[in-house]
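Source file: protein-v8.cif (mmCIF, C-alpha atoms)
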```
data_final
loop_
_atom_site.group_PDB
_atom_site.id
_atom_site.type_symbol
_atom_site.label_atom_id
_atom_site.label_comp_id
_atom_site.auth_asym_id
_atom_site.auth_seq_id
_atom_site.Cartn_x
_atom_site.Cartn_y
_atom_site.Cartn_z
ATOM 1 C CA MET A 16 28.922 169.406 168.555
ATOM 2 C CA PRO A 17 32.549 169.764 167.476
ATOM 3 C CA LEU A 18 34.483 166.646 166.604
ATOM 4 C CA ASP A 19 36.529 164.926 169.260
ATOM 5 C CA LYS A 20 40.131 166.042 168.747
ATOM 6 C CA ARG A 21 41.264 162.666 170.074
ATOM 7 C CA LEU A 22 40.389 161.211 166.680
ATOM 8 C CA ALA A 23 43.725 162.558 165.447
ATOM 9 C CA GLY A 24 46.262 159.784 165.056
ATOM 10 C CA ARG A 25 43.653 157.072 164.990
ATOM 11 C CA THR A 26 43.843 154.384 162.291
ATOM 12 C CA PHE A 27 40.712 152.530 161.239
ATOM 13 C CA PRO A 28 40.543 148.921 160.033
ATOM 14 C CA PRO A 29 41.159 148.303 156.303
ATOM 15 C CA THR A 30 38.151 148.468 154.013
ATOM 16 C CA ARG A 31 36.697 145.312 152.508
ATOM 17 C CA PRO A 32 38.789 144.242 149.501
ATOM 18 C CA HIS A 33 37.773 146.042 146.318
ATOM 19 C CA ASP A 34 38.170 144.012 143.120
ATOM 20 C CA VAL A 35 39.056 146.389 140.303
ATOM 21 C CA SER A 36 37.572 145.071 137.067
ATOM 22 C CA ARG A 37 38.272 145.999 133.452
ATOM 23 C CA HIS A 38 34.659 147.077 133.177
ATOM 24 C CA GLU A 39 35.095 149.418 136.126
ATOM 25 C CA VAL A 40 38.275 150.965 134.692
ATOM 26 C CA ARG A 41 36.529 151.526 131.357
ATOM 27 C CA GLN A 42 33.450 153.003 133.007
ATOM 28 C CA PHE A 43 35.514 155.357 135.178
ATOM 29 C CA ALA A 44 37.541 156.499 132.165
ATOM 30 C CA ALA A 45 34.364 157.005 130.105
ATOM 31 C CA ALA A 46 32.726 159.038 132.884
ATOM 32 C CA ILE A 47 35.595 161.550 132.873
ATOM 33 C CA GLY A 48 35.759 161.568 129.067
ATOM 34 C CA GLU A 49 39.113 159.762 128.891
ATOM 35 C CA THR A 50 39.112 157.992 125.525
ATOM 36 C CA ASP A 51 42.782 156.885 125.345
ATOM 37 C CA PRO A 52 42.685 153.169 124.373
ATOM 38 C CA LEU A 53 45.165 152.588 127.207
ATOM 39 C CA HIS A 54 42.185 152.603 129.590
ATOM 40 C CA HIS A 55 39.819 150.650 127.337
ATOM 41 C CA ASP A 56 41.725 148.112 125.246
ATOM 42 C CA VAL A 57 43.812 145.426 126.957
ATOM 43 C CA GLU A 58 46.035 144.982 123.894
ATOM 44 C CA ALA A 59 46.747 148.725 123.808
ATOM 45 C CA ALA A 60 47.623 148.615 127.506
ATOM 46 C CA ARG A 61 49.965 145.644 127.030
ATOM 47 C CA ALA A 62 51.612 147.326 124.058
ATOM 48 C CA ARG A 63 52.468 150.200 126.383
ATOM 49 C CA GLY A 64 53.923 147.977 129.082
ATOM 50 C CA TYR A 65 50.964 147.456 131.393
ATOM 51 C CA PRO A 66 49.887 143.923 132.340
ATOM 52 C CA ASP A 67 46.230 145.050 132.262
ATOM 53 C CA LEU A 68 44.129 148.212 131.875
ATOM 54 C CA PRO A 69 45.561 151.007 134.039
ATOM 55 C CA ALA A 70 42.986 153.251 135.697
ATOM 56 C CA PRO A 71 43.047 157.048 135.359
ATOM 57 C CA VAL A 72 45.113 159.008 137.890
ATOM 58 C CA THR A 73 42.296 159.894 140.300
ATOM 59 C CA PHE A 74 40.709 156.421 140.333
ATOM 60 C CA PRO A 75 42.103 155.610 143.818
ATOM 61 C CA ILE A 76 39.497 158.016 145.217
ATOM 62 C CA VAL A 77 36.926 155.256 144.626
ATOM 63 C CA VAL A 78 38.696 153.038 147.160
ATOM 64 C CA ALA A 79 39.608 155.923 149.492
ATOM 65 C CA PHE A 80 35.981 157.089 149.423
ATOM 66 C CA GLU A 81 34.930 153.757 150.915
ATOM 67 C CA ALA A 82 37.283 154.366 153.841
ATOM 68 C CA MET A 83 36.064 157.945 154.249
ATOM 69 C CA GLY A 84 32.442 156.792 154.236
ATOM 70 C CA ALA A 85 33.229 154.276 156.969
ATOM 71 C CA LEU A 86 34.907 157.032 159.001
ATOM 72 C CA LEU A 87 31.903 159.342 158.729
ATOM 73 C CA GLN A 88 29.516 156.574 159.758
ATOM 74 C CA HIS A 89 31.666 155.286 162.622
ATOM 75 C CA PRO A 90 29.780 155.487 165.959
ATOM 76 C CA ASP A 91 32.600 157.576 167.474
ATOM 77 C CA VAL A 92 32.360 160.102 164.617
ATOM 78 C CA GLY A 93 28.764 160.254 163.392
ATOM 79 C CA ILE A 94 28.937 162.836 160.625
ATOM 80 C CA GLN A 95 26.310 163.084 157.907
ATOM 81 C CA LEU A 96 27.664 163.255 154.382
ATOM 82 C CA ARG A 97 25.446 166.190 153.484
ATOM 83 C CA HIS A 98 27.206 168.316 156.120
ATOM 84 C CA VAL A 99 30.630 167.520 154.695
ATOM 85 C CA VAL A 100 32.513 169.440 152.021
ATOM 86 C CA HIS A 101 35.613 168.007 150.362
ATOM 87 C CA SER A 102 38.090 170.855 150.699
ATOM 88 C CA ALA A 103 41.371 169.365 149.474
ATOM 89 C CA GLN A 104 42.706 166.172 147.911
ATOM 90 C CA ARG A 105 46.133 164.841 147.060
ATOM 91 C CA PHE A 106 47.473 161.569 145.708
ATOM 92 C CA ASP A 107 50.972 160.161 146.032
ATOM 93 C CA SER A 108 51.108 157.216 143.649
ATOM 94 C CA ALA A 109 53.618 154.396 143.448
ATOM 95 C CA ARG A 110 51.931 153.163 140.253
ATOM 96 C CA PRO A 111 48.521 153.385 138.550
ATOM 97 C CA VAL A 112 45.753 151.153 139.846
ATOM 98 C CA ARG A 113 44.964 148.529 137.214
ATOM 99 C CA ALA A 114 42.299 145.972 136.408
ATOM 100 C CA GLY A 115 42.870 142.839 138.462
ATOM 101 C CA ASP A 116 44.060 144.703 141.556
ATOM 102 C CA VAL A 117 42.314 143.746 144.774
ATOM 103 C CA LEU A 118 42.686 146.793 147.006
ATOM 104 C CA THR A 119 42.013 147.872 150.542
ATOM 105 C CA ALA A 120 42.223 151.369 152.009
ATOM 106 C CA THR A 121 43.454 151.924 155.547
ATOM 107 C CA LEU A 122 42.481 155.353 156.819
ATOM 108 C CA THR A 123 44.373 157.350 159.428
ATOM 109 C CA VAL A 124 43.047 160.630 160.804
ATOM 110 C CA GLU A 125 46.092 162.871 160.584
ATOM 111 C CA GLN A 126 44.665 166.054 162.048
ATOM 112 C CA VAL A 127 41.450 167.496 163.476
ATOM 113 C CA ARG A 128 41.161 171.234 163.944
ATOM 114 C CA THR A 129 38.333 173.725 164.260
ATOM 115 C CA ALA A 130 38.235 177.098 162.533
ATOM 116 C CA ALA A 131 35.226 179.447 162.675
ATOM 117 C CA GLY A 132 32.843 176.686 163.682
ATOM 118 C CA THR A 133 34.024 174.303 160.969
ATOM 119 C CA ASP A 134 35.845 171.086 161.768
ATOM 120 C CA LEU A 135 38.645 170.327 159.345
ATOM 121 C CA ILE A 136 39.595 166.663 159.250
ATOM 122 C CA THR A 137 42.723 165.634 157.383
ATOM 123 C CA THR A 138 42.838 161.952 156.468
ATOM 124 C CA ARG A 139 45.348 159.682 154.805
ATOM 125 C CA SER A 140 44.107 156.526 153.128
ATOM 126 C CA ASP A 141 46.865 154.065 152.327
ATOM 127 C CA ILE A 142 45.782 151.942 149.397
ATOM 128 C CA ALA A 143 47.446 148.573 149.006
ATOM 129 C CA THR A 144 46.827 145.263 147.313
ATOM 130 C CA VAL A 145 45.679 142.405 149.504
ATOM 131 C CA GLY A 146 49.153 141.007 148.818
ATOM 132 C CA GLY A 147 50.618 143.976 150.686
ATOM 133 C CA GLU A 148 51.930 146.057 147.766
ATOM 134 C CA HIS A 149 51.583 149.782 148.427
ATOM 135 C CA VAL A 150 49.877 151.472 145.460
ATOM 136 C CA CYS A 151 48.854 154.959 146.525
ATOM 137 C CA SER A 152 48.296 157.264 149.472
ATOM 138 C CA ALA A 153 45.247 159.489 149.141
ATOM 139 C CA TYR A 154 45.084 162.545 151.414
ATOM 140 C CA ALA A 155 41.690 164.180 151.874
ATOM 141 C CA THR A 156 40.719 167.228 153.880
ATOM 142 C CA LEU A 157 37.065 167.225 154.802
ATOM 143 C CA ALA A 158 35.273 170.273 156.194
ATOM 144 C CA HIS A 159 32.372 169.585 158.513
ATOM 145 C CA ARG A 160 29.990 172.184 159.854
ATOM 146 C CA ALA A 161 27.716 170.804 162.535
ATOM 147 C CA PRO A 162 24.049 171.673 161.872
ATOM 148 C CA MET B 24 57.803 162.293 126.626
ATOM 149 C CA ASN B 25 58.475 165.357 124.534
ATOM 150 C CA LEU B 26 61.386 166.765 126.508
ATOM 151 C CA PRO B 27 61.674 170.302 125.073
ATOM 152 C CA GLN B 28 58.304 171.249 126.545
ATOM 153 C CA TRP B 29 59.506 170.428 130.079
ATOM 154 C CA GLU B 30 61.733 173.450 130.537
ATOM 155 C CA GLN B 31 60.935 175.493 133.610
ATOM 156 C CA GLY B 32 58.450 178.245 132.852
ATOM 157 C CA ALA B 33 57.115 176.569 129.696
ATOM 158 C CA GLU B 34 53.348 176.772 129.193
ATOM 159 C CA LEU B 35 51.739 173.459 128.319
ATOM 160 C CA PRO B 36 48.947 173.416 125.708
ATOM 161 C CA ALA B 37 45.642 174.350 127.347
ATOM 162 C CA GLN B 38 43.065 171.565 127.438
ATOM 163 C CA THR B 39 39.324 172.291 127.311
ATOM 164 C CA TYR B 40 36.805 169.755 128.553
ATOM 165 C CA ARG B 41 33.037 169.964 128.210
ATOM 166 C CA VAL B 42 31.006 168.886 131.284
ATOM 167 C CA THR B 43 27.312 168.031 131.102
ATOM 168 C CA ARG B 44 24.758 166.715 133.570
ATOM 169 C CA ALA B 45 25.039 163.288 131.945
ATOM 170 C CA ASP B 46 28.753 163.230 132.846
ATOM 171 C CA LEU B 47 27.956 163.956 136.488
ATOM 172 C CA VAL B 48 25.376 161.177 136.644
ATOM 173 C CA ALA B 49 27.878 158.740 135.114
ATOM 174 C CA TYR B 50 30.568 159.886 137.532
ATOM 175 C CA ALA B 51 28.238 159.513 140.535
ATOM 176 C CA GLY B 52 27.678 155.925 139.469
ATOM 177 C CA VAL B 53 31.305 154.942 139.008
ATOM 178 C CA SER B 54 32.714 156.889 141.956
ATOM 179 C CA GLY B 55 30.172 155.863 144.565
ATOM 180 C CA ASP B 56 29.617 159.540 145.462
ATOM 181 C CA HIS B 57 25.835 159.811 145.239
ATOM 182 C CA ASN B 58 25.540 163.170 146.998
ATOM 183 C CA PRO B 59 22.382 164.690 145.446
ATOM 184 C CA ILE B 60 23.933 168.182 145.143
ATOM 185 C CA HIS B 61 25.642 166.678 142.068
ATOM 186 C CA TRP B 62 22.425 165.746 140.271
ATOM 187 C CA SER B 63 19.371 167.371 141.909
ATOM 188 C CA ASP B 64 18.634 171.095 141.432
ATOM 189 C CA ARG B 65 16.051 170.856 144.190
ATOM 190 C CA ILE B 66 18.591 169.726 146.774
ATOM 191 C CA ALA B 67 21.471 171.834 145.425
ATOM 192 C CA THR B 68 19.427 175.028 145.728
ATOM 193 C CA ALA B 69 18.094 173.955 149.150
ATOM 194 C CA VAL B 70 21.677 173.949 150.474
ATOM 195 C CA GLY B 71 22.357 177.372 148.959
ATOM 196 C CA LEU B 72 24.081 176.490 145.694
ATOM 197 C CA PRO B 73 23.045 178.295 142.501
ATOM 198 C CA GLY B 74 22.442 174.873 140.924
ATOM 199 C CA VAL B 75 23.856 171.387 140.532
ATOM 200 C CA MET B 76 27.630 171.405 140.970
ATOM 201 C CA ALA B 77 30.190 169.007 139.565
ATOM 202 C CA HIS B 78 31.881 166.689 142.043
ATOM 203 C CA GLY B 79 35.146 168.312 143.099
ATOM 204 C CA MET B 80 36.725 164.998 142.202
ATOM 205 C CA TYR B 81 35.254 165.277 138.702
ATOM 206 C CA THR B 82 37.031 168.596 138.189
ATOM 207 C CA MET B 83 40.181 167.136 139.718
ATOM 208 C CA ALA B 84 39.914 164.211 137.290
ATOM 209 C CA LEU B 85 39.826 166.670 134.363
ATOM 210 C CA GLY B 86 43.062 168.192 135.658
ATOM 211 C CA ALA B 87 44.505 164.683 135.705
ATOM 212 C CA ARG B 88 43.380 164.142 132.107
ATOM 213 C CA ALA B 89 45.399 167.193 131.113
ATOM 214 C CA LEU B 90 48.423 165.987 133.095
ATOM 215 C CA THR B 91 48.153 162.576 131.442
ATOM 216 C CA ALA B 92 47.827 164.138 127.992
ATOM 217 C CA TRP B 93 50.926 166.262 128.575
ATOM 218 C CA ALA B 94 52.948 163.474 130.189
ATOM 219 C CA GLY B 95 51.791 160.814 127.732
ATOM 220 C CA ASP B 96 51.107 158.179 130.390
ATOM 221 C CA PRO B 97 49.195 158.088 133.696
ATOM 222 C CA GLY B 98 52.134 156.237 135.281
ATOM 223 C CA ARG B 99 54.211 159.400 135.087
ATOM 224 C CA VAL B 100 51.869 161.378 137.344
ATOM 225 C CA ARG B 101 53.457 160.528 140.676
ATOM 226 C CA ALA B 102 51.777 163.134 142.871
ATOM 227 C CA TYR B 103 48.803 165.409 142.278
ATOM 228 C CA GLY B 104 47.009 167.676 144.700
ATOM 229 C CA VAL B 105 44.337 170.387 144.646
ATOM 230 C CA ARG B 106 42.132 172.496 146.856
ATOM 231 C CA PHE B 107 38.469 172.821 145.941
ATOM 232 C CA THR B 108 37.880 176.555 146.010
ATOM 233 C CA ARG B 109 34.853 177.293 143.813
ATOM 234 C CA PRO B 110 31.997 175.111 142.542
ATOM 235 C CA VAL B 111 31.610 174.260 138.854
ATOM 236 C CA ILE B 112 27.895 174.779 138.248
ATOM 237 C CA VAL B 113 26.570 172.547 135.461
ATOM 238 C CA PRO B 114 23.303 173.629 133.827
ATOM 239 C CA ASP B 115 20.541 171.212 132.866
ATOM 240 C CA ASP B 116 20.914 171.740 129.113
ATOM 241 C CA ASP B 117 22.568 170.097 126.119
ATOM 242 C CA THR B 118 25.578 172.402 126.175
ATOM 243 C CA GLY B 119 27.032 172.033 129.663
ATOM 244 C CA VAL B 120 30.068 174.091 130.656
ATOM 245 C CA ASP B 121 33.699 174.151 129.620
ATOM 246 C CA VAL B 122 36.495 173.551 132.115
ATOM 247 C CA VAL B 123 39.891 174.794 130.935
ATOM 248 C CA VAL B 124 43.123 173.309 132.314
ATOM 249 C CA ARG B 125 46.392 175.196 131.886
ATOM 250 C CA GLY B 126 49.789 174.110 133.090
ATOM 251 C CA VAL B 127 53.153 175.718 133.641
ATOM 252 C CA VAL B 128 56.331 173.726 134.152
ATOM 253 C CA GLY B 129 57.945 174.363 137.518
ATOM 254 C CA PRO B 130 61.312 173.350 138.907
ATOM 255 C CA ALA B 131 62.843 169.942 138.268
ATOM 256 C CA GLU B 132 63.303 167.625 141.240
ATOM 257 C CA ALA B 133 64.985 164.280 141.637
ATOM 258 C CA ALA B 134 61.678 162.491 141.055
ATOM 259 C CA GLY B 135 60.467 164.593 138.130
ATOM 260 C CA VAL B 136 59.210 168.048 137.284
ATOM 261 C CA ARG B 137 56.635 170.106 139.124
ATOM 262 C CA ILE B 138 53.618 171.266 137.119
ATOM 263 C CA GLU B 139 51.450 174.125 138.352
ATOM 264 C CA LEU B 140 47.871 173.873 137.139
ATOM 265 C CA THR B 141 45.248 176.543 136.644
ATOM 266 C CA VAL B 142 41.774 175.078 136.271
ATOM 267 C CA SER B 143 39.012 177.503 135.393
ATOM 268 C CA CYS B 144 35.373 177.637 134.417
ATOM 269 C CA GLY B 145 33.695 180.736 132.998
ATOM 270 C CA GLY B 146 36.904 182.697 133.518
ATOM 271 C CA SER B 147 37.114 181.948 137.260
ATOM 272 C CA SER B 148 39.642 179.655 138.861
ATOM 273 C CA VAL B 149 37.887 176.672 140.480
ATOM 274 C CA LEU B 150 40.832 174.836 142.059
ATOM 275 C CA GLY B 151 43.520 176.272 144.318
ATOM 276 C CA ARG B 152 47.137 175.221 144.812
ATOM 277 C CA ALA B 153 46.728 172.668 142.031
ATOM 278 C CA GLY B 154 49.999 170.985 141.251
ATOM 279 C CA ALA B 155 51.598 167.731 140.283
ATOM 280 C CA LEU B 156 54.892 165.927 140.143
ATOM 281 C CA VAL B 157 55.432 164.311 136.742
ATOM 282 C CA ALA B 158 58.222 161.775 136.332
ATOM 283 C CA LEU B 159 60.537 161.964 133.356
ATOM 284 C CA ASP B 160 61.102 158.944 131.123
ATOM 285 C CA ALA B 161 63.596 157.105 133.295
ATOM 286 C CA GLN B 162 61.424 157.714 136.337
ATOM 287 C CA ARG B 163 58.138 156.287 135.116
ATOM 288 C CA ALA B 164 56.503 153.950 137.583
ATOM 289 C CA SER B 165 57.230 150.418 136.560
ATOM 290 C CA ALA B 166 54.160 149.275 134.692
ATOM 291 C CA ASP B 167 54.336 145.805 136.117
ATOM 292 C CA GLY B 168 54.849 147.048 139.640
#
```

Please rewrite the model in this file as structure tokens.
Amino acid sequence: MPLDKRLAGRTFPPTRPHDVSRHEVRQFAAAIGETDPLHHDVEAARARGYPDLPAPVTFPIVVAFEAMGALLQHPDVGIQLRHVVHSAQRFDSARPVRAGDVLTATLTVEQVRTAAGTDLITTRSDIATVGGEHVCSAYATLAHRAP
Amino acid sequence: MNLPQWEQGAELPAQTYRVTRADLVAYAGVSGDHNPIHWSDRIATAVGLPGVMAHGMYTMALGARALTAWAGDPGRVRAYGVRFTRPVIVPDDDTGVDVVVRGVVGPAEAAGVRIELTVSCGGSSVLGRAGALVALDAQRASADG
């Protein structure tokens, strides 16, 4: 069944606050092979002007992914992850995420269209601190082919 | 930032990154993306893939590593976008595969310079329309927000 086009324009509630820890920043950096001490050593980060460990550029996907998962599981959407392909991604960043940030993602469905039996869902997840500071907008296009 | 390299049309030094199955398992853990096509040959082949594929976001992260290496600081990468056009298939061996990231400097804008990326594996491009906006020195995001 194709997705309801009325999803377009809808904004979902913010995700549960995500506490970004130093351990998490280090683990994310290690997983992508990023060995720059900036992401591992607090003193190195401070020496380069950061108050704490900055996360690598694509780290906000971790928080955006929580919002996307909630979208897929929402009763009005009901898409299974295994039928979804990530077709495009973009980040507009005000600053790097850093250890100590407590972040939520608020997802808006920007567009829903169908091409050759595939639903293409364009989402924007606005990532902000619980204090209201905008950190990043993550735009994802998800392709869904109903089984 | 090493300014001379940021002239329009300049080629940035290619970066080569090795990807193994162990990297994908680590990335699944830290990213929260536990889709089994990124670690199980059984499930990857059942959905028609030739084998386990890297997370698209893993490949995108390697592009970001190159951008960060060129720019000297993650805070300079103000915008970064890609399309996922071809899977990076990662064999279950000790060697893995190499992903090569190349960059060409595009036009300067008020907020920085455009970088066009070419990300390839085994000689084939794996990301489409990959590009970034990298801020120059005076435009770096304030580290303390």

Set the distance at 12 Å and use all atoms listed in the file: which residues neighbour Ala143 (chain A) once local chain neighbours fewer than 4 positions away are removed? I'd like the list as a PyMOL selection string. chain A and resi 29-34+75+78-79+108-112+116-122+147-153

Residues of the last selection are to be written out with C-alpha atoms, as a short mmCIF file (atom, residue, chain, number, x, y, z; two decimals), in the coordinates of the input.
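Listing of again-v3.cif after writing:
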```cif
data_model
loop_
_atom_site.label_atom_id
_atom_site.label_comp_id
_atom_site.auth_asym_id
_atom_site.auth_seq_id
_atom_site.Cartn_x
_atom_site.Cartn_y
_atom_site.Cartn_z
CA PRO A 29 41.16 148.30 156.30
CA THR A 30 38.15 148.47 154.01
CA ARG A 31 36.70 145.31 152.51
CA PRO A 32 38.79 144.24 149.50
CA HIS A 33 37.77 146.04 146.32
CA ASP A 34 38.17 144.01 143.12
CA PRO A 75 42.10 155.61 143.82
CA VAL A 78 38.70 153.04 147.16
CA ALA A 79 39.61 155.92 149.49
CA SER A 108 51.11 157.22 143.65
CA ALA A 109 53.62 154.40 143.45
CA ARG A 110 51.93 153.16 140.25
CA PRO A 111 48.52 153.38 138.55
CA VAL A 112 45.75 151.15 139.85
CA ASP A 116 44.06 144.70 141.56
CA VAL A 117 42.31 143.75 144.77
CA LEU A 118 42.69 146.79 147.01
CA THR A 119 42.01 147.87 150.54
CA ALA A 120 42.22 151.37 152.01
CA THR A 121 43.45 151.92 155.55
CA LEU A 122 42.48 155.35 156.82
CA GLY A 147 50.62 143.98 150.69
CA GLU A 148 51.93 146.06 147.77
CA HIS A 149 51.58 149.78 148.43
CA VAL A 150 49.88 151.47 145.46
CA CYS A 151 48.85 154.96 146.52
CA SER A 152 48.30 157.26 149.47
CA ALA A 153 45.25 159.49 149.14
#
```

Would you kindly report the residues of chain B within 6 Å of chain A, using all atoms listed in the file, as a VMD selection string? chain B and resid 46 49 to 50 53 to 54 84 97 to 98 101 to 107 164 166

Output file for the residues above (C-alpha atoms, as a tab-separated table (two decimals), in the coordinates of the input):
```tsv
chain	number	residue	atom	x	y	z
B	46	ASP	CA	28.75	163.23	132.85
B	49	ALA	CA	27.88	158.74	135.11
B	50	TYR	CA	30.57	159.89	137.53
B	53	VAL	CA	31.30	154.94	139.01
B	54	SER	CA	32.71	156.89	141.96
B	84	ALA	CA	39.91	164.21	137.29
B	97	PRO	CA	49.20	158.09	133.70
B	98	GLY	CA	52.13	156.24	135.28
B	101	ARG	CA	53.46	160.53	140.68
B	102	ALA	CA	51.78	163.13	142.87
B	103	TYR	CA	48.80	165.41	142.28
B	104	GLY	CA	47.01	167.68	144.70
B	105	VAL	CA	44.34	170.39	144.65
B	106	ARG	CA	42.13	172.50	146.86
B	107	PHE	CA	38.47	172.82	145.94
B	164	ALA	CA	56.50	153.95	137.58
B	166	ALA	CA	54.16	149.28	134.69
```

With all atoms listed in the file as the counted atoms, please give the residues lying no more than 7 Å from Gln38 (chain B), apart from itself and same-chain residues fewer than 3 positions off, as a list in words.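 In the requested form, the answer reads Ala89, Val123, Val124 and Arg125 of chain B.
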
Pick out the closest residue to Thr141 (chain B) from this set: B:Asp121, B:Pro73, B:Gly86, B:Asp56. Count only C-alpha atoms.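 Of the candidates, the smallest distance to Thr141 (chain B) is held by B:Gly86.
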
Please measure the separation of CA of Glu139 (chain B) and CA of Leu156 (chain B), giving the value in Å to one decimal. 9.1 Å

Interatomic distance (Å, one decimal) between CA of Arg37 (chain A) and CA of Arg88 (chain B): 18.9 Å

Go ahead and compute the interatomic distance for CA of His55 (chain A) and CA of Val35 (chain A), in Å to one decimal.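 A separation of 13.7 Å between them.
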
If you count only C-alpha atoms, which residues fall within 6 Å of Ala23 (chain A), apart from same-chain ones fewer than 4 positions away, as a PyMOL selection string? chain A and resi 124-127

Hey, what's within 9 Å of Val142 (chain B) if we count all atoms listed in the file and toss same-chain stuff fewer than 5 positions away? As an mmCIF file with C-alpha atoms, in the coordinates of the input, please?
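Result file follows (result.cif):
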```
data_model
loop_
_atom_site.group_PDB
_atom_site.id
_atom_site.type_symbol
_atom_site.label_atom_id
_atom_site.label_comp_id
_atom_site.auth_asym_id
_atom_site.auth_seq_id
_atom_site.Cartn_x
_atom_site.Cartn_y
_atom_site.Cartn_z
ATOM 1 C CA THR B 82 37.031 168.596 138.189
ATOM 2 C CA MET B 83 40.181 167.136 139.718
ATOM 3 C CA LEU B 85 39.826 166.670 134.363
ATOM 4 C CA GLY B 86 43.062 168.192 135.658
ATOM 5 C CA VAL B 122 36.495 173.551 132.115
ATOM 6 C CA VAL B 123 39.891 174.794 130.935
ATOM 7 C CA VAL B 124 43.123 173.309 132.314
ATOM 8 C CA ARG B 125 46.392 175.196 131.886
ATOM 9 C CA GLY B 126 49.789 174.110 133.090
ATOM 10 C CA SER B 147 37.114 181.948 137.260
ATOM 11 C CA SER B 148 39.642 179.655 138.861
ATOM 12 C CA VAL B 149 37.887 176.672 140.480
ATOM 13 C CA LEU B 150 40.832 174.836 142.059
ATOM 14 C CA GLY B 151 43.520 176.272 144.318
ATOM 15 C CA ALA B 153 46.728 172.668 142.031
#
```

Find the residues around region 108-117 of chain B up to 7 Å (only C-alpha atoms counted), leave out those fewer than 3 positions away in its own chain, and share them as a PDB file with C-alpha atoms, in the frame of the given file.
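Result went into around33.pdb, see below:
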```pdb
ATOM      1  CA  THR B  43      27.312 168.031 131.102  1.00  0.00           C
ATOM      2  CA  ARG B  44      24.758 166.715 133.570  1.00  0.00           C
ATOM      3  CA  GLY B  74      22.442 174.873 140.924  1.00  0.00           C
ATOM      4  CA  VAL B  75      23.856 171.387 140.532  1.00  0.00           C
ATOM      5  CA  MET B  76      27.630 171.405 140.970  1.00  0.00           C
ATOM      6  CA  ALA B  77      30.190 169.007 139.565  1.00  0.00           C
ATOM      7  CA  VAL B 120      30.068 174.091 130.656  1.00  0.00           C
ATOM      8  CA  CYS B 144      35.373 177.637 134.417  1.00  0.00           C
ATOM      9  CA  VAL B 149      37.887 176.672 140.480  1.00  0.00           C
ATOM     10  CA  LEU B 150      40.832 174.836 142.059  1.00  0.00           C
ATOM     11  CA  GLY B 151      43.520 176.272 144.318  1.00  0.00           C
TER      12      GLY B 151
END
```

Residue nearest His38 (chain A) among A:Ala131, A:Leu18, A:Val57, A:Val92 (counting only C-alpha atoms):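 With only C-alpha atoms as the atom set, the closest residue is A:Val57.
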
Selection result for the PyMOL selection byres ((chain B and resi 157) around 12) on this file, as a ChimeraX atom specification: /A:72,107-108 /B:24,29,87,89-103,126,128-139,154-156,158-164

Enclose the full set of atoms of region 79-86 of chain A listed in the file within a box whose edges lie along x, y and z, apply 3 Å of padding to each of the six sides, and report centre and edge lengths in Å to one decimal as AutoDock Vina command-line options.
```
--center_x 36.0 --center_y 155.9 --center_z 154.2 --size_x 13.2 --size_y 10.2 --size_z 15.6
```

Could you tell me, as number ranges by chain, exactly which residues end up selected when the PyMOL selection byres ((chain A and resi 22) around 12) is applied to this structure? A: 17-21, 23-27, 86-87, 89, 91-92, 122-128, 134-138

Under the rule that all atoms listed in the file are counted, which of A:Val145, A:Leu157, A:Ala82, A:Ala114 is the nearest residue to Leu68 (chain A)?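 For Leu68 (chain A), the nearest of the candidates is A:Ala114.
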